[in-house]
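Source file: data_3.cif. Holds: mmCIF, C-alpha atoms.
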data_protein
loop_
_atom_site.label_atom_id
_atom_site.label_comp_id
_atom_site.auth_asym_id
_atom_site.auth_seq_id
_atom_site.Cartn_x
_atom_site.Cartn_y
_atom_site.Cartn_z
CA MET R 1 -10.66 -22.17 -9.07
CA ALA R 2 -12.32 -20.15 -6.31
CA ALA R 3 -16.01 -19.31 -6.36
CA GLN R 4 -17.14 -16.12 -8.14
CA SER R 5 -18.26 -14.61 -4.82
CA LEU R 6 -14.71 -14.95 -3.44
CA TYR R 7 -13.31 -12.98 -6.38
CA GLU R 8 -15.99 -10.33 -5.87
CA GLU R 9 -15.03 -10.04 -2.19
CA LEU R 10 -11.35 -9.86 -3.15
CA ALA R 11 -12.15 -6.94 -5.47
CA ARG R 12 -13.98 -5.16 -2.62
CA GLN R 13 -11.11 -5.74 -0.20
CA LEU R 14 -8.49 -4.51 -2.66
CA SER R 15 -10.57 -1.39 -3.33
CA ALA R 16 -10.49 -0.73 0.41
CA ILE R 17 -6.67 -0.81 0.37
CA GLY R 18 -6.96 2.92 -0.29
CA ALA R 19 -7.27 3.35 3.48
CA VAL R 20 -3.87 1.69 3.96
CA LYS R 21 -2.33 3.87 1.25
CA ARG R 22 -3.78 7.00 2.88
CA GLY R 23 -2.32 5.89 6.21
CA LEU R 24 1.08 5.48 4.59
CA ALA R 25 0.79 8.93 2.98
CA ARG R 26 0.02 10.52 6.38
CA ILE R 27 3.32 9.35 7.87
CA LEU R 28 5.45 10.90 5.11
CA PRO R 29 7.37 14.01 6.14
CA PRO R 30 5.93 17.17 4.52
CA GLU R 31 9.09 17.70 2.47
CA CYS R 32 8.84 14.20 0.97
CA PRO R 33 5.42 13.60 -0.61
CA GLY R 34 4.45 10.26 -2.11
CA GLY R 35 5.90 10.86 -5.57
CA SER R 36 9.25 11.84 -4.10
CA ALA R 37 9.24 8.82 -1.81
CA ALA R 38 8.52 6.58 -4.82
CA VAL R 39 11.45 8.07 -6.76
CA LEU R 40 13.83 7.49 -3.85
CA THR R 41 12.55 3.98 -3.23
CA LEU R 42 12.94 2.96 -6.88
CA LEU R 43 16.46 4.38 -7.09
CA GLU R 44 17.42 2.49 -3.96
CA ARG R 45 15.85 -0.74 -5.20
CA HIS R 46 17.05 -0.62 -8.83
CA GLY R 47 20.17 1.56 -8.64
CA GLU R 48 21.09 4.41 -10.92
CA MET R 49 19.00 4.88 -14.06
CA ARG R 50 17.84 7.27 -16.73
CA ILE R 51 14.72 9.32 -16.14
CA SER R 52 12.95 7.41 -18.94
CA ARG R 53 13.43 4.15 -17.01
CA LEU R 54 12.21 5.82 -13.82
CA ALA R 55 9.07 7.04 -15.62
CA GLU R 56 8.48 3.49 -16.82
CA LEU R 57 8.85 2.06 -13.30
CA LEU R 58 6.59 4.76 -11.86
CA ALA R 59 4.10 4.14 -14.69
CA VAL R 60 3.57 7.89 -15.10
CA ASP R 61 4.19 10.47 -17.82
CA MET R 62 7.68 11.91 -18.28
CA SER R 63 6.47 15.39 -17.25
CA VAL R 64 5.22 14.02 -13.92
CA THR R 65 8.46 12.11 -13.42
CA SER R 66 10.48 15.26 -14.20
CA ARG R 67 8.62 17.20 -11.51
CA HIS R 68 9.29 14.47 -8.93
CA VAL R 69 12.96 14.31 -9.95
CA ALA R 70 13.32 18.10 -9.71
CA HIS R 71 11.80 18.02 -6.22
CA VAL R 72 14.18 15.37 -4.86
CA ALA R 73 17.19 16.88 -6.65
CA GLN R 74 16.48 20.31 -5.09
CA ARG R 75 16.66 18.69 -1.67
CA GLY R 76 19.95 16.96 -2.48
CA TRP R 77 18.48 13.45 -2.27
CA ILE R 78 19.53 12.50 -5.79
CA GLU R 79 22.15 13.67 -8.25
CA ARG R 80 21.81 13.96 -12.00
CA SER R 81 24.96 13.41 -14.02
CA ALA R 82 25.73 13.06 -17.72
CA ASP R 83 25.26 9.58 -19.13
CA PRO R 84 28.68 8.49 -20.47
CA ALA R 85 26.92 6.55 -23.25
CA ASP R 86 24.78 9.53 -24.31
CA LYS R 87 25.81 12.99 -23.10
CA ARG R 88 22.30 14.34 -23.81
CA SER R 89 20.82 11.99 -21.19
CA ARG R 90 21.15 12.14 -17.43
CA ILE R 91 21.74 9.34 -14.99
CA LEU R 92 19.92 9.61 -11.66
CA ARG R 93 21.45 8.21 -8.51
CA LEU R 94 20.69 8.35 -4.82
CA THR R 95 22.95 10.57 -2.68
CA PRO R 96 23.93 9.87 0.93
CA ALA R 97 21.27 12.42 1.99
CA GLY R 98 18.76 10.49 -0.12
CA GLN R 99 19.75 7.28 1.65
CA VAL R 100 19.16 9.00 5.00
CA MET R 101 15.65 9.95 3.81
CA ILE R 102 15.02 6.38 2.59
CA ASP R 103 16.11 5.06 5.99
CA ASP R 104 13.76 7.53 7.71
CA LEU R 105 10.86 6.52 5.45
CA GLY R 106 11.54 2.84 6.17
CA LEU R 107 11.57 3.48 9.92
CA ARG R 108 8.33 5.48 9.74
CA THR R 109 6.63 2.75 7.70
CA THR R 110 7.82 -0.04 10.00
CA GLU R 111 6.67 1.85 13.10
CA MET R 112 3.27 2.60 11.54
CA PHE R 113 2.66 -1.05 10.65
CA ALA R 114 3.95 -2.24 14.04
CA HIS R 115 1.54 0.13 15.79
CA THR R 116 -1.43 -0.53 13.51
CA LEU R 117 -1.00 -4.32 13.47
CA LYS R 118 0.04 -4.68 17.12
CA ASP R 119 -2.72 -7.25 17.74
CA TRP R 120 -1.53 -9.45 14.83
CA THR R 121 0.80 -12.38 15.45
CA ASP R 122 4.12 -12.68 13.65
CA ASP R 123 2.63 -15.64 11.78
CA GLU R 124 -0.35 -13.58 10.59
CA VAL R 125 1.91 -10.76 9.34
CA GLY R 126 4.09 -13.38 7.64
CA GLN R 127 1.04 -14.95 5.97
CA LEU R 128 -0.10 -11.54 4.73
CA ASN R 129 3.38 -10.82 3.31
CA THR R 130 3.43 -14.20 1.58
CA MET R 131 -0.03 -13.83 0.09
CA LEU R 132 0.52 -10.25 -1.09
CA ALA R 133 3.80 -11.30 -2.76
CA ARG R 134 1.99 -14.19 -4.42
CA LEU R 135 -0.80 -11.87 -5.62
CA ARG R 136 1.74 -9.43 -7.05
CA ASP R 137 3.66 -12.26 -8.75
CA SER R 138 0.42 -13.58 -10.27
CA PHE R 139 -0.01 -10.28 -12.06
CA GLY R 140 3.55 -10.35 -13.39
CA ASP R 141 4.66 -7.23 -15.23
CA CYS R 142 1.93 -4.65 -14.67
CA ARG R 143 2.91 -2.91 -17.91
CA ALA R 144 2.31 -6.02 -20.02
CA PRO R 145 -0.84 -6.18 -22.15
CA HIS R 146 -3.84 -6.99 -20.00
CA VAL R 147 -6.12 -9.93 -20.54
CA ARG R 148 -9.57 -8.59 -21.15
CA ALA R 149 -12.33 -9.80 -18.90
CA PRO R 150 -14.99 -11.84 -20.68
CA GLU R 151 -17.95 -9.75 -21.72
CA THR R 152 -21.23 -10.62 -20.11
CA THR R 153 -24.30 -11.13 -22.20
CA ARG R 154 -27.28 -9.09 -21.18
CA THR R 155 -30.69 -10.54 -21.62
CA PRO R 156 -33.47 -8.16 -22.57
CA ALA R 157 -35.90 -7.37 -19.77
#

What's the structure tokens form of this structure?
Amino acid sequence: MAAQSLYEELARQLSAIGAVKRGLARILPPECPGGSAAVLTLLERHGEMRISRLAELLAVDMSVTSRHVAHVAQRGWIERSADPADKRSRILRLTPAGQVMIDDLGLRTTEMFAHTLKDWTDDEVGQLNTMLARLRDSFGDCRAPHVRAPETTRTPA
């Protein structure tokens, strides 16, 4: 097990990831804000699904998910069709125009990282990818119950 100070530094570094996320947000086209990009990305990755599943994957409230879905549907990037198993529900799927937007987002992201990390070697980028994947896998399902951190005992002053 790593030393406590290494975990503390890891927490500081992960808090600073906000700068990377803001950089990614800046490259998005104005018509495709972050929530819309997330909807498109999840539909591409997981295929067609109900809005309830999308809300679960986004880890946001149904009302927020509905707004994102309305935004991308208005632009023709997804289609909503009746669920054959339950006519009251809708199935969301990516359209060809949505795939074009996904491709554009992927190109923008790749170019941004290539420019920002131009002084990194391929091996260093590969190591970062490997370690981030390992970190994500260590957390497993982010919607699973969390293990509570041990409480510290305070001594009176």

Practice prompt. Step by step, work through what the PyMOL selection byres ((chain R and resi 92-94) around 10) selects in the shown file, and finish by giving those residues as a PyMOL selection string.
Written response: chain R and resi 39-44+46-51+54+69+72-73+76-83+89-91+95-100+102

Fill in: Computed interatomic separation between CA of Leu24 (chain R) and CA of Asp61 (chain R) (Å)
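Distance between the two atoms: 23.2 Å.
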
Practice prompt. For CA of Ser36 (chain R) and CA of Arg108 (chain R), determine how far apart the two atoms are, in Å to one decimal place.
Written response: 15.3 Å

Item to complete: Check the smallest atom-to-atom distance from each of R:Leu58, R:Ile27, R:Leu128, R:Ala38 to Met112 (chain R) using all atoms listed in the file, then report the winner.
Response: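 Using all atoms listed in the file, Met112 (chain R) sits closest to R:Ile27.
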
Practice prompt. Skip region 20-22 of chain R itself and residues of its chain fewer than 6 positions away, then list as a ChimeraX atom specification all residues within 12 Å of it, counting all atoms listed in the file.
Written response: /R:13-14,28,33-34,109,112-113,116-117

Worksheet entry | One-decimal distance in Å that lies between CA of Arg53 (chain R) and CA of Pro84 (chain R) | 16.2 Å
